[in-house]
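Down below is the structure, laid out as structure tokens.
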Amino acid sequence: MPTMTLRIPTAAGRADAFAAFPDRGEQHPGVLMYADGFGIRPVLREMARELAGHGYYVLVPNLFHRYGPAPVVELPEHIGEEARPAIFAQLMPLIEAHTTERVLSDADAYLGFLTTRPEVSAGPVAVTGYCIGGLYAMRTAAAHPDQVAAVAAFHGPVGADGPGLFSRITAQVHLGHAEGDLTPEALGELNQALDAAGVSHTSEIYPGTVHGFTMSDTDAFSASGLERHWERLLPLLDRTLADR
């Protein structure tokens with residue numbers, strides 16, 4: 001599986017990124033993958049390679065490239081609960097400074113970059129995101145309705161911007177929520193807002209999961225949750241991108 005470390009021109013300088021894609025000498029649909037707040041690290045590279053193996057060019061940018069190359073903060077091999085407070089004390093100022101304006105400025109650059117890659121086929125792309133990256137994925141889809149055909153967000157605060165965000169999304173959407181993040185009542189309210197906005201979506205709580213369940217290098221990891229994530233994500237991409 002070919003992989004590359006890239007430097008993508010943005011309005012704020014060059015962003016480092018990781019890309020994985022099939023070794024077939026062909027063009028493949030593009031997928032922009034937003035990491036969780038911990039950023040690019042071995043587990044994200046492995047997830048990108050896994051997705052690329054299904055026939056996609058997967059681009060994982062460093063969300064916080066303004067502060068240096070990934071990892072922006074030092075991370076242990078396994079991010080246990082005891083390590084999280086100190087790590088988040090460093091990360092939260094970066095997350096808070098990563099405003100919607102910055103997210104969308106960077107998204108313009110990442111999506112524009114995908115259109116220049118010889119390995120990426122013409123046509124729409126998909127955007128996926130984990131944790132805070134899920135919100136960034138939704139913002140990207142809303143800002144680029146003509147380019148983004150699918151968006152998937154997992155254990156992310158996707159409703160943080162309110163229903164006004166949903167009204168601008170034309171992509172097909174899947175939202176996979178952690179049981180520890182969302183009550184059934186809150187899920188019902190979120191899904192009603194998506195319905196009211198006319199968003200084609202599936203949105204569900206993954207049983208027995210807590211926030212961060214897709215990430216195998218954390219205590220939150222759920223093998224069944226990660227498997228369910230692939231069972232939802234791959235058909236979504238196949239429906240929206242396979243013929244491109």
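Residues are referred to by chain and number: the chain letter is A, B, ... according to the order shown in the structure tokens, the number counts from 1 in that chain, and ligands are numbered separately from 1 in the order shown.
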(request) Write out as an MDAnalysis selection string which residues come within 9 Å of stretch 24-26 of chain A when counting only C-alpha atoms, dropping same-chain ones fewer than 6 positions away. (result) chainID A and resid 118:121
Next, the residues of the selection above should be written as a compact mmCIF listing (two decimals), in the first residue's frame with N, CA and C atoms.
```
# COMPACT_ATOMS: atom_id res chain seq x y z
N PRO A 118 -2.66 13.10 -9.37
CA PRO A 118 -2.90 12.22 -10.51
C PRO A 118 -3.54 10.90 -10.11
N GLU A 119 -3.43 10.54 -8.82
CA GLU A 119 -4.03 9.28 -8.36
C GLU A 119 -5.51 9.40 -8.05
N VAL A 120 -6.04 10.64 -8.02
CA VAL A 120 -7.43 10.88 -7.62
C VAL A 120 -8.30 11.10 -8.84
N SER A 121 -9.39 10.37 -8.91
CA SER A 121 -10.31 10.50 -10.04
C SER A 121 -11.11 11.79 -9.94
```
(request) Could you pull out the residues in stretch 22-236 of chain A that DSSP calls helix (DSSP H, G or I) from the backbone, as number ranges by chain? (result) A: 42-52, 65-67, 84-97, 100-116, 132-143, 163-166, 184-196, 223-236
(request) Report as a list in words: the residues of stretch 64-240 of chain A with a DSSP assignment of strand (DSSP E), based on the backbone of this structure. (result)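 Answer for stretch 64-240 of chain A restricted to strand (DSSP E) is Val125, Ala126, Val127, Thr128, Gly129, Tyr130, Val148, Ala149, Ala150, Val151, Ala152, Ala153, Phe154, Gln172, Val173, His174, Leu175, Gly176, His177, Ala178, His201, Thr202, Ser203, Glu204, Ile205 and Tyr206 of chain A.
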Contacts of stretch 51-76 of chain A with stretch 80-94 of chain A up to 9 Å, shortest pair per row, only C-alpha atoms, as JSON lines:
```
{"residue": "A:Phe64", "atom": "CA", "partner": "A:Leu94", "partner_atom": "CA", "distance": 6.9}
{"residue": "A:Tyr67", "atom": "CA", "partner": "A:Leu94", "partner_atom": "CA", "distance": 8.3}
{"residue": "A:Val72", "atom": "CA", "partner": "A:Leu91", "partner_atom": "CA", "distance": 8.6}
{"residue": "A:Val73", "atom": "CA", "partner": "A:Gln90", "partner_atom": "CA", "distance": 7.1}
{"residue": "A:Glu74", "atom": "CA", "partner": "A:Ile87", "partner_atom": "CA", "distance": 8.0}
{"residue": "A:Leu75", "atom": "CA", "partner": "A:Ile87", "partner_atom": "CA", "distance": 7.6}
{"residue": "A:Pro76", "atom": "CA", "partner": "A:Ala83", "partner_atom": "CA", "distance": 8.1}
```
(request) Could you please determine the separation between atom CA of A:Met47 and atom CA of A:His98 in Å, to one decimal place? (result)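 Computing the Euclidean distance for atom CA of A:Met47 and atom CA of A:His98 yields 23.7 Å.
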Distance table requested - stretch 189-235 of chain A against stretch 169-174 of chain A, cut-off 7 Å, only C-alpha atoms: one row per qualifying residue with the closest atom pair and its distance in Å to one decimal, ordered by chain and rising residue number, as a Markdown table.
```
| residue | atom | partner | partner_atom | distance |
| --- | --- | --- | --- | --- |
| A:Val199 | CA | A:Thr170 | CA | 6.6 |
| A:Ser200 | CA | A:Gln172 | CA | 5.1 |
| A:His201 | CA | A:Val173 | CA | 4.5 |
| A:Thr202 | CA | A:His174 | CA | 4.8 |
| A:Ser203 | CA | A:His174 | CA | 5.7 |
```
(request) For A:Pro184, please output as a ChimeraX atom specification all residues within 12 Å (counting only C-alpha atoms; exclusion window: fewer than 5 positions along the same chain). (result) /A:177-179,189-191,203-207
(request) Do a neighbour search on stretch 103-105 of chain A at 12 Å with only C-alpha atoms, toss out local chain neighbours closer than 2 positions, and write the hits as a ChimeraX atom specification. (result) /A:9-13,15,34,61-66,95-101,107-112,132-144
(message) Between atom CA of A:Thr218 and atom CA of A:Gly53, what is the distance in Å, rounded to a tenth?
(response)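 Separation between atom CA of A:Thr218 and atom CA of A:Gly53: 23.9 Å.
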(message) For A:Gly208, find every residue with an atom within 12 Å (counting only C-alpha atoms), except residues of its own chain fewer than 2 positions away, and show them as a list in words.
(response)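 The residues satisfying every condition are His177, Ala178, Glu179, Gly180, Asp181, Leu182, Ile205, Tyr206, Val210, His211, Phe213, Ala220, Phe221, Ser222, Ala223, Ser224, Gly225, Leu226 and Arg228 of chain A.
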Those same residues - all heavy atoms - I'd like them written as a CSV table (one decimal), in the first residue's frame.
```csv
chain,number,residue,atom,x,y,z
A,177,HIS,N,-22.6,7.6,16.9
A,177,HIS,CA,-22.4,8.2,18.2
A,177,HIS,C,-22.0,7.2,19.3
A,177,HIS,O,-22.4,6.1,19.2
A,177,HIS,CB,-23.7,8.9,18.6
A,177,HIS,CG,-24.3,9.8,17.6
A,177,HIS,ND1,-23.9,11.0,17.3
A,177,HIS,CD2,-25.4,9.6,16.7
A,177,HIS,CE1,-24.6,11.6,16.3
A,177,HIS,NE2,-25.5,10.7,15.9
A,178,ALA,N,-21.2,7.7,20.2
A,178,ALA,CA,-20.9,6.9,21.4
A,178,ALA,C,-22.1,6.9,22.3
A,178,ALA,O,-22.7,7.9,22.6
A,178,ALA,CB,-19.6,7.4,22.1
A,179,GLU,N,-22.3,5.7,22.9
A,179,GLU,CA,-23.4,5.6,23.9
A,179,GLU,C,-23.1,6.5,25.1
A,179,GLU,O,-24.1,7.1,25.7
A,179,GLU,CB,-23.5,4.2,24.4
A,179,GLU,CG,-24.7,3.9,25.2
A,179,GLU,CD,-24.8,2.4,25.5
A,179,GLU,OE1,-24.0,1.9,26.3
A,179,GLU,OE2,-25.7,1.7,25.0
A,180,GLY,N,-21.8,6.8,25.4
A,180,GLY,CA,-21.5,7.6,26.5
A,180,GLY,C,-21.6,9.1,26.1
A,180,GLY,O,-21.5,10.0,27.0
A,181,ASP,N,-21.8,9.5,24.9
A,181,ASP,CA,-21.9,10.9,24.4
A,181,ASP,C,-23.3,11.4,24.3
A,181,ASP,O,-23.5,12.6,24.3
A,181,ASP,CB,-21.1,11.1,23.1
A,181,ASP,CG,-19.6,11.1,23.3
A,181,ASP,OD1,-19.2,11.3,24.4
A,181,ASP,OD2,-18.9,11.0,22.2
A,182,LEU,N,-24.2,10.5,24.0
A,182,LEU,CA,-25.5,11.0,23.5
A,182,LEU,C,-26.7,10.1,24.1
A,182,LEU,O,-26.6,8.9,24.0
A,182,LEU,CB,-25.6,10.9,22.0
A,182,LEU,CG,-26.5,11.8,21.2
A,182,LEU,CD1,-26.1,13.3,21.4
A,182,LEU,CD2,-26.5,11.5,19.7
A,205,ILE,N,-26.7,5.5,17.7
A,205,ILE,CA,-25.8,5.2,18.9
A,205,ILE,C,-25.2,3.8,18.7
A,205,ILE,O,-26.0,2.9,18.5
A,205,ILE,CB,-26.5,5.4,20.2
A,205,ILE,CG1,-27.0,6.9,20.4
A,205,ILE,CG2,-25.7,4.9,21.4
A,205,ILE,CD1,-27.9,7.1,21.6
A,206,TYR,N,-23.9,3.7,18.8
A,206,TYR,CA,-23.3,2.4,18.8
A,206,TYR,C,-23.3,1.8,20.2
A,206,TYR,O,-22.7,2.4,21.1
A,206,TYR,CB,-21.8,2.5,18.3
A,206,TYR,CG,-21.7,2.9,16.8
A,206,TYR,CD1,-22.7,3.4,16.1
A,206,TYR,CD2,-20.5,2.6,16.2
A,206,TYR,CE1,-22.5,3.7,14.7
A,206,TYR,CE2,-20.3,2.9,14.8
A,206,TYR,CZ,-21.3,3.4,14.1
A,206,TYR,OH,-21.2,3.7,12.8
A,210,VAL,N,-18.0,4.3,24.4
A,210,VAL,CA,-17.7,5.6,25.0
A,210,VAL,C,-17.0,6.4,24.0
A,210,VAL,O,-16.5,5.9,23.0
A,210,VAL,CB,-16.9,5.4,26.3
A,210,VAL,CG1,-17.7,4.6,27.3
A,210,VAL,CG2,-15.6,4.8,26.0
A,211,HIS,N,-16.9,7.7,24.3
A,211,HIS,CA,-16.2,8.6,23.4
A,211,HIS,C,-14.8,8.2,23.0
A,211,HIS,O,-14.0,7.8,23.9
A,211,HIS,CB,-16.1,10.0,24.1
A,211,HIS,CG,-15.6,11.1,23.2
A,211,HIS,ND1,-16.3,11.6,22.1
A,211,HIS,CD2,-14.4,11.7,23.2
A,211,HIS,CE1,-15.6,12.5,21.5
A,211,HIS,NE2,-14.4,12.6,22.1
A,213,PHE,N,-14.3,5.6,20.7
A,213,PHE,CA,-14.3,4.2,20.6
A,213,PHE,C,-13.6,3.6,19.4
A,213,PHE,O,-13.3,2.4,19.3
A,213,PHE,CB,-15.8,3.6,20.6
A,213,PHE,CG,-16.6,4.1,19.5
A,213,PHE,CD1,-16.6,3.5,18.3
A,213,PHE,CD2,-17.5,5.2,19.7
A,213,PHE,CE1,-17.5,3.9,17.2
A,213,PHE,CE2,-18.4,5.6,18.7
A,213,PHE,CZ,-18.3,5.0,17.4
A,220,ALA,N,-10.6,4.0,25.4
A,220,ALA,CA,-12.0,4.1,25.0
A,220,ALA,C,-12.3,3.1,23.9
A,220,ALA,O,-13.4,2.8,23.5
A,220,ALA,CB,-12.3,5.5,24.4
A,221,PHE,N,-11.3,2.4,23.3
A,221,PHE,CA,-11.4,1.6,22.2
A,221,PHE,C,-12.4,0.5,22.4
A,221,PHE,O,-12.5,-0.2,23.4
A,221,PHE,CB,-10.1,1.0,21.8
A,221,PHE,CG,-10.2,0.0,20.6
A,221,PHE,CD1,-10.6,0.5,19.4
A,221,PHE,CD2,-9.8,-1.3,20.7
A,221,PHE,CE1,-10.7,-0.4,18.3
A,221,PHE,CE2,-9.9,-2.2,19.7
A,221,PHE,CZ,-10.3,-1.7,18.4
A,222,SER,N,-13.3,0.3,21.3
A,222,SER,CA,-14.2,-0.8,21.3
A,222,SER,C,-14.0,-1.5,19.9
A,222,SER,O,-14.3,-0.9,18.9
A,222,SER,CB,-15.7,-0.3,21.4
A,222,SER,OG,-16.6,-1.3,21.0
A,223,ALA,N,-13.6,-2.8,20.0
A,223,ALA,CA,-13.4,-3.5,18.7
A,223,ALA,C,-14.8,-3.7,18.0
A,223,ALA,O,-14.8,-3.5,16.7
A,223,ALA,CB,-12.9,-4.9,19.0
A,224,SER,N,-15.9,-3.9,18.7
A,224,SER,CA,-17.1,-4.0,18.0
A,224,SER,C,-17.6,-2.6,17.5
A,224,SER,O,-18.2,-2.6,16.4
A,224,SER,CB,-18.2,-4.5,19.0
A,224,SER,OG,-18.4,-3.7,20.1
A,225,GLY,N,-17.3,-1.6,18.2
A,225,GLY,CA,-17.6,-0.2,17.7
A,225,GLY,C,-16.8,0.1,16.4
A,225,GLY,O,-17.4,0.7,15.5
A,226,LEU,N,-15.5,-0.3,16.4
A,226,LEU,CA,-14.7,0.0,15.2
A,226,LEU,C,-15.3,-0.8,14.0
A,226,LEU,O,-15.4,-0.4,12.9
A,226,LEU,CB,-13.3,-0.3,15.4
A,226,LEU,CG,-12.3,-0.2,14.2
A,226,LEU,CD1,-12.3,1.3,13.8
A,226,LEU,CD2,-10.9,-0.6,14.6
A,228,ARG,N,-18.3,-1.9,13.6
A,228,ARG,CA,-19.6,-1.3,13.1
A,228,ARG,C,-19.3,0.0,12.3
A,228,ARG,O,-20.0,0.3,11.3
A,228,ARG,CB,-20.4,-0.9,14.4
A,228,ARG,CG,-21.9,-0.6,14.1
A,228,ARG,CD,-22.6,-0.2,15.4
A,228,ARG,NE,-24.0,0.0,15.2
A,228,ARG,CZ,-24.9,-0.9,15.6
A,228,ARG,NH1,-24.5,-2.1,16.0
A,228,ARG,NH2,-26.2,-0.7,15.4
```
